[in-house]
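The structure file start28.cif is reproduced below (mmCIF, C-alpha atoms).
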```cif
data_final
loop_
_atom_site.label_atom_id
_atom_site.label_comp_id
_atom_site.auth_asym_id
_atom_site.auth_seq_id
_atom_site.Cartn_x
_atom_site.Cartn_y
_atom_site.Cartn_z
CA MET A 1 0.00 0.00 0.00
CA SER A 2 1.31 3.45 -0.93
CA ILE A 3 1.93 5.96 1.81
CA VAL A 4 0.46 8.76 -0.27
CA GLU A 5 -1.88 8.48 -3.20
CA THR A 6 -3.51 11.40 -4.95
CA GLU A 7 -6.14 10.89 -7.62
CA MET A 8 -7.15 13.68 -9.99
CA LEU A 9 -6.22 16.08 -7.22
CA THR A 10 -7.37 19.57 -8.11
CA LYS A 11 -7.26 22.89 -6.27
CA ILE A 12 -8.81 26.01 -7.71
CA TYR A 13 -8.58 29.31 -5.91
CA GLY A 14 -11.20 31.95 -6.54
CA LYS A 15 -14.19 31.77 -8.82
CA GLY A 16 -15.23 32.59 -12.33
CA GLU A 17 -12.90 34.79 -14.33
CA THR A 18 -10.40 35.27 -11.54
CA ALA A 19 -10.18 31.58 -10.74
CA VAL A 20 -6.65 30.18 -10.56
CA THR A 21 -6.04 26.47 -10.99
CA ALA A 22 -3.18 25.77 -8.62
CA LEU A 23 -3.32 21.98 -9.11
CA ASP A 24 -4.83 20.28 -12.10
CA ARG A 25 -5.79 16.61 -11.75
CA ILE A 26 -2.58 15.46 -10.09
CA ASN A 27 -1.98 11.72 -9.85
CA LEU A 28 0.90 11.03 -7.54
CA ARG A 29 1.80 7.88 -5.67
CA ILE A 30 4.52 7.66 -3.05
CA GLU A 31 5.70 4.32 -1.73
CA PRO A 32 6.94 3.70 1.81
CA GLY A 33 10.58 4.59 2.27
CA GLU A 34 10.82 6.79 -0.80
CA PHE A 35 12.49 10.17 -0.84
CA VAL A 36 10.60 12.23 -3.38
CA ALA A 37 11.37 15.80 -4.40
CA VAL A 38 8.85 18.08 -6.03
CA MET A 39 10.26 20.90 -8.11
CA GLY A 40 8.90 23.64 -10.29
CA PRO A 41 8.84 27.40 -10.87
CA SER A 42 7.09 29.76 -8.47
CA GLY A 43 3.36 29.36 -8.70
CA CYS A 44 3.52 25.85 -10.12
CA GLY A 45 1.51 24.50 -7.21
CA LYS A 46 4.15 22.57 -5.31
CA SER A 47 3.41 24.10 -1.90
CA THR A 48 -0.32 23.67 -2.52
CA LEU A 49 0.32 19.98 -3.22
CA LEU A 50 2.18 19.63 0.05
CA HIS A 51 -0.61 21.36 1.98
CA LEU A 52 -3.27 19.12 0.49
CA ILE A 53 -1.29 15.96 1.21
CA GLY A 54 -0.71 17.16 4.76
CA GLY A 55 -4.38 17.77 5.29
CA LEU A 56 -3.78 21.47 5.85
CA ASP A 57 -6.18 22.37 3.09
CA GLN A 58 -9.08 20.74 1.23
CA PRO A 59 -9.00 19.98 -2.49
CA THR A 60 -11.56 21.40 -4.91
CA SER A 61 -11.95 17.94 -6.44
CA GLY A 62 -10.08 14.65 -6.51
CA ARG A 63 -8.76 12.83 -3.49
CA VAL A 64 -5.79 12.38 -1.21
CA ALA A 65 -5.28 9.12 0.63
CA LEU A 66 -2.75 8.56 3.41
CA GLU A 67 -1.95 4.90 4.02
CA GLY A 68 -5.19 4.11 2.22
CA ARG A 69 -7.35 6.51 4.25
CA ASP A 70 -9.16 9.15 2.22
CA LEU A 71 -8.61 12.53 3.91
CA ALA A 72 -11.97 13.81 2.67
CA GLY A 73 -13.81 11.49 5.01
CA LEU A 74 -12.15 12.94 8.10
CA ASP A 75 -13.48 15.67 10.35
CA ASP A 76 -11.26 18.34 11.92
CA THR A 77 -10.45 16.26 15.00
CA ALA A 78 -9.56 13.20 12.99
CA LEU A 79 -7.49 15.28 10.61
CA THR A 80 -5.57 16.92 13.45
CA GLU A 81 -4.91 13.53 14.98
CA LEU A 82 -3.70 12.21 11.62
CA ARG A 83 -1.38 15.16 11.23
CA ARG A 84 0.06 14.65 14.67
CA ARG A 85 0.53 10.92 14.44
CA LYS A 86 1.22 10.14 10.82
CA ILE A 87 2.90 13.22 9.45
CA GLY A 88 5.87 15.32 10.51
CA PHE A 89 6.28 18.79 9.04
CA VAL A 90 9.53 20.62 8.33
CA PHE A 91 9.30 24.22 7.14
CA GLN A 92 11.66 26.65 5.43
CA PHE A 93 11.79 29.04 8.38
CA PHE A 94 12.04 26.30 11.02
CA ASN A 95 8.92 27.47 12.95
CA LEU A 96 10.44 26.83 16.35
CA ILE A 97 9.06 28.49 19.50
CA PRO A 98 11.67 31.16 20.37
CA VAL A 99 11.19 31.00 24.13
CA LEU A 100 11.48 27.22 24.34
CA ARG A 101 14.72 25.26 24.47
CA ALA A 102 15.60 22.66 21.84
CA ASP A 103 14.39 19.75 23.98
CA GLU A 104 11.16 21.59 24.81
CA ASN A 105 10.55 22.44 21.15
CA ALA A 106 11.10 18.84 20.12
CA ALA A 107 8.77 17.52 22.85
CA LEU A 108 5.96 20.01 22.24
CA PRO A 109 3.89 18.07 19.68
CA LEU A 110 4.01 15.02 21.95
CA ILE A 111 2.83 17.04 24.96
CA LEU A 112 0.01 18.51 22.86
CA ASP A 113 -0.92 14.99 21.89
CA GLY A 114 -1.32 13.94 25.51
CA VAL A 115 1.94 12.10 25.97
CA LYS A 116 3.21 12.24 29.58
CA PRO A 117 5.97 14.86 30.07
CA ALA A 118 8.58 12.32 31.16
CA GLU A 119 8.00 10.11 28.15
CA ALA A 120 7.85 13.13 25.82
CA LYS A 121 11.18 14.34 27.18
CA THR A 122 12.81 10.93 26.70
CA ARG A 123 11.58 10.57 23.15
CA ALA A 124 12.47 14.15 22.19
CA GLU A 125 15.97 13.84 23.64
CA ALA A 126 16.51 10.53 21.87
CA TRP A 127 15.67 12.11 18.52
CA LEU A 128 17.74 15.22 19.21
CA GLY A 129 20.62 12.85 19.91
CA ARG A 130 20.05 10.97 16.67
CA VAL A 131 20.20 14.18 14.64
CA GLY A 132 23.47 15.12 16.36
CA LEU A 133 22.27 17.71 18.86
CA GLU A 134 22.98 15.89 22.14
CA ASP A 135 25.13 18.88 23.20
CA ARG A 136 22.49 21.45 22.32
CA LEU A 137 19.46 20.20 24.22
CA LYS A 138 19.18 23.24 26.48
CA HIS A 139 19.88 25.82 23.81
CA ARG A 140 17.18 28.19 22.62
CA PRO A 141 16.70 28.79 18.89
CA ASP A 142 18.59 32.09 18.93
CA GLU A 143 21.56 30.24 20.38
CA LEU A 144 21.59 27.78 17.50
CA SER A 145 22.83 28.05 13.94
CA GLY A 146 20.37 27.80 11.05
CA GLY A 147 21.35 24.22 10.36
CA GLU A 148 20.98 23.29 14.03
CA ARG A 149 17.54 24.91 14.18
CA GLN A 150 16.41 22.87 11.23
CA ARG A 151 17.76 19.75 12.91
CA VAL A 152 15.66 20.55 15.99
CA ALA A 153 12.69 20.91 13.66
CA ILE A 154 13.43 17.53 12.11
CA ALA A 155 13.81 15.89 15.52
CA ARG A 156 10.51 17.49 16.50
CA ALA A 157 8.88 16.10 13.37
CA LEU A 158 10.24 12.60 14.06
CA ALA A 159 9.45 12.54 17.78
CA SER A 160 5.85 11.52 17.14
CA GLU A 161 7.18 8.63 15.01
CA PRO A 162 5.33 9.58 11.83
CA ALA A 163 5.41 7.51 8.67
CA LEU A 164 5.66 10.56 6.44
CA ILE A 165 7.77 13.71 6.60
CA LEU A 166 6.61 16.68 4.55
CA ALA A 167 9.34 19.25 4.02
CA ASP A 168 8.61 22.61 2.39
CA GLU A 169 11.86 24.16 1.15
CA PRO A 170 13.76 22.80 4.17
CA THR A 171 17.06 24.27 3.00
CA GLY A 172 15.71 27.55 1.63
CA ASN A 173 17.00 29.52 4.59
CA LEU A 174 20.40 27.83 4.95
CA ASP A 175 23.85 28.36 3.51
CA SER A 176 25.06 25.68 1.10
CA LEU A 177 27.06 23.74 3.70
CA ALA A 178 24.15 23.54 6.15
CA ALA A 179 21.80 22.79 3.25
CA ASP A 180 23.86 19.74 2.28
CA GLU A 181 23.87 18.55 5.91
CA ILE A 182 20.10 18.76 6.10
CA ALA A 183 19.73 16.91 2.80
CA ILE A 184 22.02 14.18 4.14
CA LEU A 185 19.91 14.05 7.31
CA LEU A 186 16.70 13.71 5.30
CA ARG A 187 18.37 10.87 3.37
CA GLN A 188 19.07 9.25 6.75
CA VAL A 189 15.41 9.71 7.70
CA CYS A 190 14.60 7.43 4.76
CA ASP A 191 17.53 5.05 4.55
CA GLU A 192 18.23 4.51 8.25
CA TRP A 193 14.97 5.32 10.02
CA GLY A 194 12.65 3.92 7.37
CA ARG A 195 10.36 6.95 6.88
CA THR A 196 9.01 8.46 3.71
CA VAL A 197 10.02 11.99 2.77
CA LEU A 198 8.24 14.34 0.39
CA MET A 199 10.25 17.49 -0.12
CA VAL A 200 9.45 20.63 -2.05
CA THR A 201 12.58 22.42 -3.22
CA HIS A 202 13.86 24.66 -5.94
CA ASP A 203 17.49 23.86 -5.27
CA PRO A 204 18.80 21.36 -7.85
CA ARG A 205 21.67 20.23 -5.64
CA ILE A 206 19.31 19.36 -2.82
CA ALA A 207 16.72 17.75 -5.10
CA ALA A 208 19.47 15.44 -6.38
CA TYR A 209 19.59 13.69 -3.00
CA ALA A 210 16.10 12.26 -3.61
CA ASP A 211 15.18 8.93 -5.20
CA ARG A 212 12.74 10.58 -7.55
CA ILE A 213 11.90 14.09 -8.72
CA ALA A 214 8.44 15.13 -9.88
CA PHE A 215 8.45 18.30 -11.99
CA LEU A 216 5.41 20.51 -11.64
CA LYS A 217 4.44 23.24 -14.09
CA ASP A 218 1.19 25.20 -14.11
CA GLY A 219 -0.40 22.71 -11.74
CA THR A 220 0.45 19.50 -13.58
CA ILE A 221 3.25 16.96 -13.34
CA VAL A 222 5.06 17.43 -16.64
CA ASP A 223 7.93 15.04 -16.00
CA GLU A 224 9.35 12.61 -13.47
CA THR A 225 12.89 11.35 -13.09
CA TYR A 226 14.15 8.38 -11.10
CA LEU A 227 17.63 9.16 -9.84
CA SER A 228 19.00 5.90 -8.46
CA GLY A 229 20.18 2.95 -10.49
CA ASP A 230 21.06 3.42 -14.11
CA GLY A 231 17.88 5.31 -14.71
CA ARG A 232 16.60 2.89 -17.31
CA ASP A 233 14.22 1.20 -14.88
CA GLY A 234 13.03 4.61 -13.87
CA GLU A 235 12.47 5.71 -17.44
CA LYS A 236 10.41 2.61 -18.04
CA LEU A 237 8.29 3.36 -14.98
CA VAL A 238 7.70 6.95 -16.09
CA ARG A 239 6.74 5.82 -19.58
CA GLU A 240 4.31 3.29 -18.13
CA LYS A 241 2.78 5.97 -15.96
CA LEU A 242 2.38 8.37 -18.85
CA GLU A 243 0.82 5.66 -21.00
CA ALA A 244 -1.61 4.79 -18.23
CA GLN A 245 -2.82 8.37 -18.17
CA ILE A 246 -3.74 8.43 -21.82
CA MET B 1 50.56 22.95 -22.73
CA SER B 2 49.29 21.97 -19.27
CA VAL B 3 50.65 18.43 -19.57
CA ARG B 4 54.11 19.78 -20.29
CA ASN B 5 53.97 22.08 -17.29
CA ALA B 6 52.47 19.40 -15.06
CA LEU B 7 55.44 17.15 -15.88
CA LEU B 8 57.82 19.98 -14.97
CA GLY B 9 56.00 20.38 -11.67
CA LEU B 10 56.17 16.68 -10.92
CA LEU B 11 59.89 16.65 -11.72
CA GLU B 12 60.43 19.67 -9.49
CA GLN B 13 59.05 17.51 -6.72
CA ARG B 14 61.71 14.86 -7.47
CA PRO B 15 63.45 13.24 -10.47
CA ARG B 16 61.47 10.35 -11.98
CA HIS B 17 61.31 8.14 -15.00
CA GLY B 18 58.58 8.34 -17.64
CA TYR B 19 56.37 5.55 -16.37
CA GLU B 20 56.34 7.09 -12.87
CA LEU B 21 55.47 10.50 -14.32
CA HIS B 22 52.53 9.08 -16.26
CA ALA B 23 51.16 7.38 -13.13
CA ALA B 24 51.69 10.48 -10.99
CA PHE B 25 49.92 12.72 -13.51
CA GLU B 26 46.96 10.36 -13.73
CA ALA B 27 46.65 10.20 -9.94
CA MET B 28 46.82 13.96 -9.56
CA VAL B 29 44.04 14.70 -12.04
CA GLY B 30 41.77 12.18 -10.39
CA GLY B 31 42.07 9.36 -12.88
CA ARG B 32 42.07 8.56 -16.59
CA GLN B 33 38.34 9.30 -16.88
CA ASN B 34 39.03 12.94 -16.03
CA TRP B 35 42.11 13.49 -18.16
CA ASP B 36 43.48 10.74 -20.35
CA VAL B 37 47.13 11.09 -21.25
CA LYS B 38 48.76 8.17 -23.04
CA PRO B 39 52.24 7.08 -21.94
CA ALA B 40 53.46 7.83 -25.47
CA GLN B 41 52.45 11.48 -25.02
CA VAL B 42 54.41 11.64 -21.77
CA TYR B 43 57.52 10.30 -23.47
CA SER B 44 57.28 12.59 -26.47
CA THR B 45 56.68 15.58 -24.17
CA LEU B 46 59.75 14.63 -22.15
CA ALA B 47 61.77 14.45 -25.36
CA ARG B 48 60.66 17.97 -26.30
CA LEU B 49 61.40 19.28 -22.82
CA GLU B 50 64.87 17.72 -23.02
CA LYS B 51 65.47 19.35 -26.38
CA LYS B 52 64.49 22.74 -24.93
CA GLY B 53 66.84 22.23 -22.01
CA LEU B 54 64.07 22.28 -19.42
CA VAL B 55 64.80 18.72 -18.28
CA VAL B 56 67.84 16.47 -18.40
CA VAL B 57 68.41 12.75 -18.15
CA ASP B 58 69.79 12.52 -14.66
CA ALA B 59 70.58 8.83 -14.44
CA LEU B 60 69.99 5.54 -16.07
CA GLU B 61 68.35 2.89 -13.99
CA GLN B 62 68.92 -0.70 -14.88
CA GLU B 63 67.63 -3.51 -12.75
CA GLY B 64 67.77 -6.45 -15.06
CA GLY B 65 65.02 -5.13 -17.25
CA PRO B 66 65.14 -2.51 -20.04
CA GLU B 67 67.01 0.73 -19.38
CA LYS B 68 64.91 3.42 -17.67
CA ARG B 69 65.91 7.01 -18.06
CA ILE B 70 65.43 9.14 -14.99
CA TYR B 71 64.57 12.73 -15.81
CA ALA B 72 65.33 15.78 -13.66
CA ILE B 73 64.34 19.43 -13.97
CA THR B 74 66.92 22.06 -14.94
CA PRO B 75 67.14 25.67 -13.66
CA GLU B 76 65.54 26.76 -16.97
CA GLY B 77 62.79 24.22 -16.33
CA ARG B 78 62.21 25.65 -12.86
CA GLU B 79 61.92 29.12 -14.39
CA ALA B 80 59.36 27.93 -16.92
CA LEU B 81 57.40 26.23 -14.14
CA ARG B 82 57.41 29.38 -12.04
CA ALA B 83 56.12 31.39 -14.98
CA TRP B 84 53.30 28.91 -15.58
CA LEU B 85 52.27 28.84 -11.90
CA SER B 86 52.01 32.61 -11.78
CA THR B 87 49.90 32.95 -14.93
CA PRO B 88 46.09 32.67 -14.75
CA VAL B 89 44.43 29.86 -16.69
CA ASN B 90 42.20 30.77 -19.64
CA THR B 91 38.69 29.41 -19.21
CA GLU B 92 38.04 27.02 -22.03
CA HIS B 93 35.02 27.89 -24.11
CA GLN B 94 33.23 24.60 -24.59
CA ARG B 95 31.24 23.55 -27.62
CA ASP B 96 27.78 22.87 -26.35
CA GLU B 97 26.13 19.96 -28.09
CA PHE B 98 22.96 20.37 -26.08
CA PHE B 99 22.52 23.96 -27.25
CA LEU B 100 22.88 22.79 -30.83
CA LYS B 101 20.33 20.04 -30.21
CA LEU B 102 17.88 22.53 -28.73
CA MET B 103 18.22 24.99 -31.61
CA LEU B 104 17.74 22.23 -34.17
CA SER B 105 14.72 20.86 -32.32
CA LEU B 106 13.21 24.33 -32.64
CA ALA B 107 14.12 24.48 -36.31
CA CYS B 108 12.80 21.03 -37.23
CA ASP B 109 9.04 20.49 -37.24
CA GLU B 110 9.17 16.86 -36.10
CA ALA B 111 11.19 17.47 -32.94
CA ASP B 112 9.96 18.34 -29.46
CA PRO B 113 12.13 21.04 -27.81
CA ARG B 114 10.56 20.52 -24.41
CA GLY B 115 11.29 16.81 -24.64
CA VAL B 116 14.90 17.59 -25.51
CA ILE B 117 15.16 19.75 -22.40
CA TYR B 118 13.51 17.14 -20.18
CA THR B 119 15.75 14.35 -21.46
CA GLN B 120 18.84 16.42 -20.75
CA ARG B 121 17.53 17.44 -17.34
CA ALA B 122 16.84 13.84 -16.34
CA SER B 123 20.34 12.80 -17.34
CA LEU B 124 21.94 15.69 -15.44
CA TYR B 125 19.97 14.91 -12.29
CA ARG B 126 20.96 11.25 -12.41
CA GLU B 127 24.59 12.25 -12.78
CA LEU B 128 24.31 14.79 -9.96
CA HIS B 129 22.75 12.14 -7.75
CA ALA B 130 25.62 9.73 -8.50
CA VAL B 131 28.38 12.31 -7.96
CA THR B 132 26.72 13.49 -4.74
CA ALA B 133 26.64 9.90 -3.50
CA ARG B 134 30.34 9.46 -4.36
CA ARG B 135 31.14 12.69 -2.53
CA GLY B 136 29.26 11.42 0.51
CA LYS B 137 31.46 8.32 0.62
CA ALA B 138 34.78 10.22 0.34
CA ASP B 139 36.64 10.85 3.59
CA PRO B 140 37.28 14.58 4.10
CA ARG B 141 40.17 13.75 6.41
CA SER B 142 42.20 12.02 3.71
CA GLU B 143 40.52 12.62 0.34
CA LEU B 144 39.86 16.34 0.42
CA ALA B 145 41.58 16.95 -2.93
CA HIS B 146 39.31 14.37 -4.55
CA ILE B 147 36.32 15.99 -2.83
CA LEU B 148 37.26 19.35 -4.34
CA LEU B 149 37.17 17.79 -7.79
CA LEU B 150 33.77 16.27 -7.05
CA ASP B 151 32.56 19.64 -5.77
CA GLN B 152 33.54 21.16 -9.08
CA ALA B 153 31.58 18.49 -10.94
CA ILE B 154 28.59 19.13 -8.66
CA MET B 155 28.70 22.88 -9.21
CA HIS B 156 28.95 22.51 -12.97
CA LEU B 157 25.97 20.16 -13.00
CA GLU B 158 24.05 22.57 -10.81
CA ALA B 159 24.86 25.43 -13.16
CA ASP B 160 23.70 23.40 -16.16
CA LEU B 161 20.47 22.51 -14.38
CA ARG B 162 19.76 26.12 -13.50
CA TRP B 163 20.44 27.08 -17.09
CA LEU B 164 17.95 24.43 -18.25
CA GLU B 165 15.40 25.89 -15.85
CA MET B 166 15.96 29.26 -17.44
CA ILE B 167 15.61 27.83 -20.91
CA GLU B 168 12.38 26.07 -20.06
CA ALA B 169 10.91 29.22 -18.56
CA ARG B 170 11.65 31.18 -21.74
CA LEU B 171 11.17 28.44 -24.32
CA ALA B 172 7.91 29.82 -25.68
CA GLU B 173 9.56 33.19 -26.25
CA VAL B 174 12.61 31.66 -27.91
CA ALA B 175 10.38 29.61 -30.19
CA ARG B 176 8.56 32.75 -31.30
CA GLN B 177 11.73 34.58 -32.26
CA PRO B 178 13.59 33.85 -35.51
CA LEU B 179 16.40 31.33 -35.12
CA PRO B 180 20.02 32.48 -35.47
CA GLU B 181 20.63 32.71 -39.19
CA PRO B 182 23.65 33.94 -41.14
CA HIS B 183 23.52 37.52 -42.30
CA ALA B 184 23.02 37.78 -46.05
CA ARG B 185 26.15 39.34 -47.42
CA PRO B 186 25.94 41.35 -50.65
CA ARG B 187 27.80 39.59 -53.46
CA GLY B 188 29.60 40.87 -56.48
CA ARG B 189 31.08 44.28 -57.02
CA PRO B 190 29.55 47.17 -55.13
CA PRO B 191 27.41 49.38 -57.41
CA LYS B 192 29.25 52.35 -58.96
CA GLU B 193 28.47 55.66 -57.41
CA SER B 194 27.13 57.99 -60.07
#
```
Could you show the structure in this file as structure tokens?
Amino acid sequence: MSIVETEMLTKIYGKGETAVTALDRINLRIEPGEFVAVMGPSGCGKSTLLHLIGGLDQPTSGRVALEGRDLAGLDDTALTELRRRKIGFVFQFFNLIPVLRADENAALPLILDGVKPAEAKTRAEAWLGRVGLEDRLKHRPDELSGGERQRVAIARALASEPALILADEPTGNLDSLAADEIAILLRQVCDEWGRTVLMVTHDPRIAAYADRIAFLKDGTIVDETYLSGDGRDGEKLVREKLEAQI
Amino acid sequence: MSVRNALLGLLEQRPRHGYELHAAFEAMVGGRQNWDVKPAQVYSTLARLEKKGLVVVDALEQEGGPEKRIYAITPEGREALRAWLSTPVNTEHQRDEFFLKLMLSLACDEADPRGVIYTQRASLYRELHAVTARRGKADPRSELAHILLLDQAIMHLEADLRWLEMIEARLAEVARQPLPEPHARPRGRPPKES
């Protein structure tokens, strides 16, 4: 079973003459353990796609399924629970709470989810250790470098043990050295910790870390490239997909 | 030119025979796949350097096998090396086959320019993925020179990918404009001024 499956996923903003089709009948399937990058020019719909898959917004038509569950059938409570348990988010500007320390930031989603403070602390610290921040647990965001802040954010995302990590331009606010480190960490999230990562990026060097890149343009997937192996298997898969659509 | 100067540099390090020089050059440039120099070219270059007085045959080694000439750098050779090291390198202007392919795909009715771009992009991403993986495996504590070479490959691939992005964004506009054509030059004698 795929982790993510979208079927004819469409999002239209506005109405009538001023309507903008952000996503146009997107069919995307992501398998467990894949590292998929979504690229495209500004306004191509890549962030919209991420928001719909993360249940942060509702589609105009079409469907999104997470581990087989159609998001449309869920009410707000169920959606929130899904987001907290199944999905971890990583944003471009880190979105850490400035007044909280690294360990407190990482534990926060667990606390909000009703996990006991002691257990939340243990789990958060374990993940902060795994991302290499065992010496930074008590630091506040302003005492951390950009790369370290993003690592706190990733530990926070992983603390609730989600199956899927959604990253929206995770390296957009980092220098190239820190950006590479975060890309390597996201690779580890897949290869070592067995999660699935869907990353939106416009940085070619960072996209190249993924297993597959989907290219979006004007709301549709215009091309897909498999990066591992000799590419020939990937090309065959893409051709099969394109033929299936006709 | 660079091979000649590289050999001078390697000889400045210490006298060597031709086979050693070939191996040392290959190792320094990161392997045959980066810069392929045949042993014959090394020997003919050494002969020319000897003729110009930039190197001399220092000794003849003979350990049962064929005679091996050991070359050493001369003071003139050192001077030439110094001059080369203090001169900037000209950036080589490369012939771009992809650009040609793109222009022709625009010119020919049957072809699909966007497809040409996508095919190239896919190939570049696969290469970037592979080089990035190789770079990840290299040890920065002992292979930093090799890493620098990989970094260069990565940056070139990144530049090419960004250029492709630019091309794709402006493809419609390029397709609308007339393709580069030769200027019609007037032939024959210029008309007489009356």
Kindly indicate which residue among A:Lys86, A:Arg212, A:Lys116, A:Arg123 lies nearest to chain B, using only C-alpha atoms for the distances.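 Ranked by minimum distance to chain B, first place goes to A:Arg212.
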Quick one: residues within 12 Å of Tyr43 in chain B, all atoms listed in the file counted, chain neighbours fewer than 2 positions away excluded, as a ChimeraX atom specification? /B:3-4,7,17-22,37-41,45-50,68-71
Find the residues near Arg126 in chain B: any atom within 12 Å, counting all atoms listed in the file, skip ones fewer than 4 places away on the same chain, and give them as a PyMOL selection string. (chain A and resi 204-205+207-213+224-232+234-235) or (chain B and resi 119-122+130-133+154+157-158+161)
I need every residue sitting at most 10 Å from the point (21.3, 22.4, 22.2) (coordinates as in the file, all atoms listed in the file considered), written as a VMD selection string. chain A and resid 101 to 103 128 to 129 132 to 141 143 to 144 148 to 149 152
So that I can check the surroundings of Leu50 in chain A, please list as a PyMOL selection string every protein, DNA and RNA residue that reaches within 9 Å of it, counting all atoms listed in the file and ignoring chain neighbours fewer than 2 positions away. chain A and resi 45-48+52-56+166-168+198-200
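Take CA of Thr220 in chain A and CA of Asp24 in chain A: the distance between them is 5.5 Å.
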Between B:Gly53, B:Pro190, B:Gly136, B:Gly77, which is the closest to chain A once you count all atoms listed in the file?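 Of all the options, B:Gly136 lies closest to chain A.
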Atomic separation - CA of Phe35 in chain A relative to CA of Arg195 in chain A, Å: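 Taking CA of Arg195 in chain A as the start and CA of Phe35 in chain A as the end point, the length is 8.6 Å.
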What would the list of residues within 10 Å of (-5.1, 9.0, -0.2) (file frame) look like as a ChimeraX atom specification, if only C-alpha atoms are what count? /A:2-7,28-29,53,62-72
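Take CA of Thr196 in chain A and CA of Ala157 in chain A: the distance between them is 12.3 Å.
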With all atoms listed in the file as the counted atoms, please give the residues lying no more than 12 Å from Arg151 in chain A, apart from itself and same-chain residues fewer than 5 positions off, as a PyMOL selection string. chain A and resi 90-96+102-103+105-106+127-134+136-137+141+144-146+156-158+170-171+174+178-179+181-186+189
Which residue is closest to Gln152 in chain B? Choose from B:Leu164, B:Ala80, B:Arg135, B:Ile117 and count only C-alpha atoms.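 Answer, going by the shortest atom-to-atom distance: B:Arg135.
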Could you tell me which of A:Ala214, A:Val115, A:Ile87, A:Met8 comes closest to chain B if we count all atoms listed in the file? A:Ala214
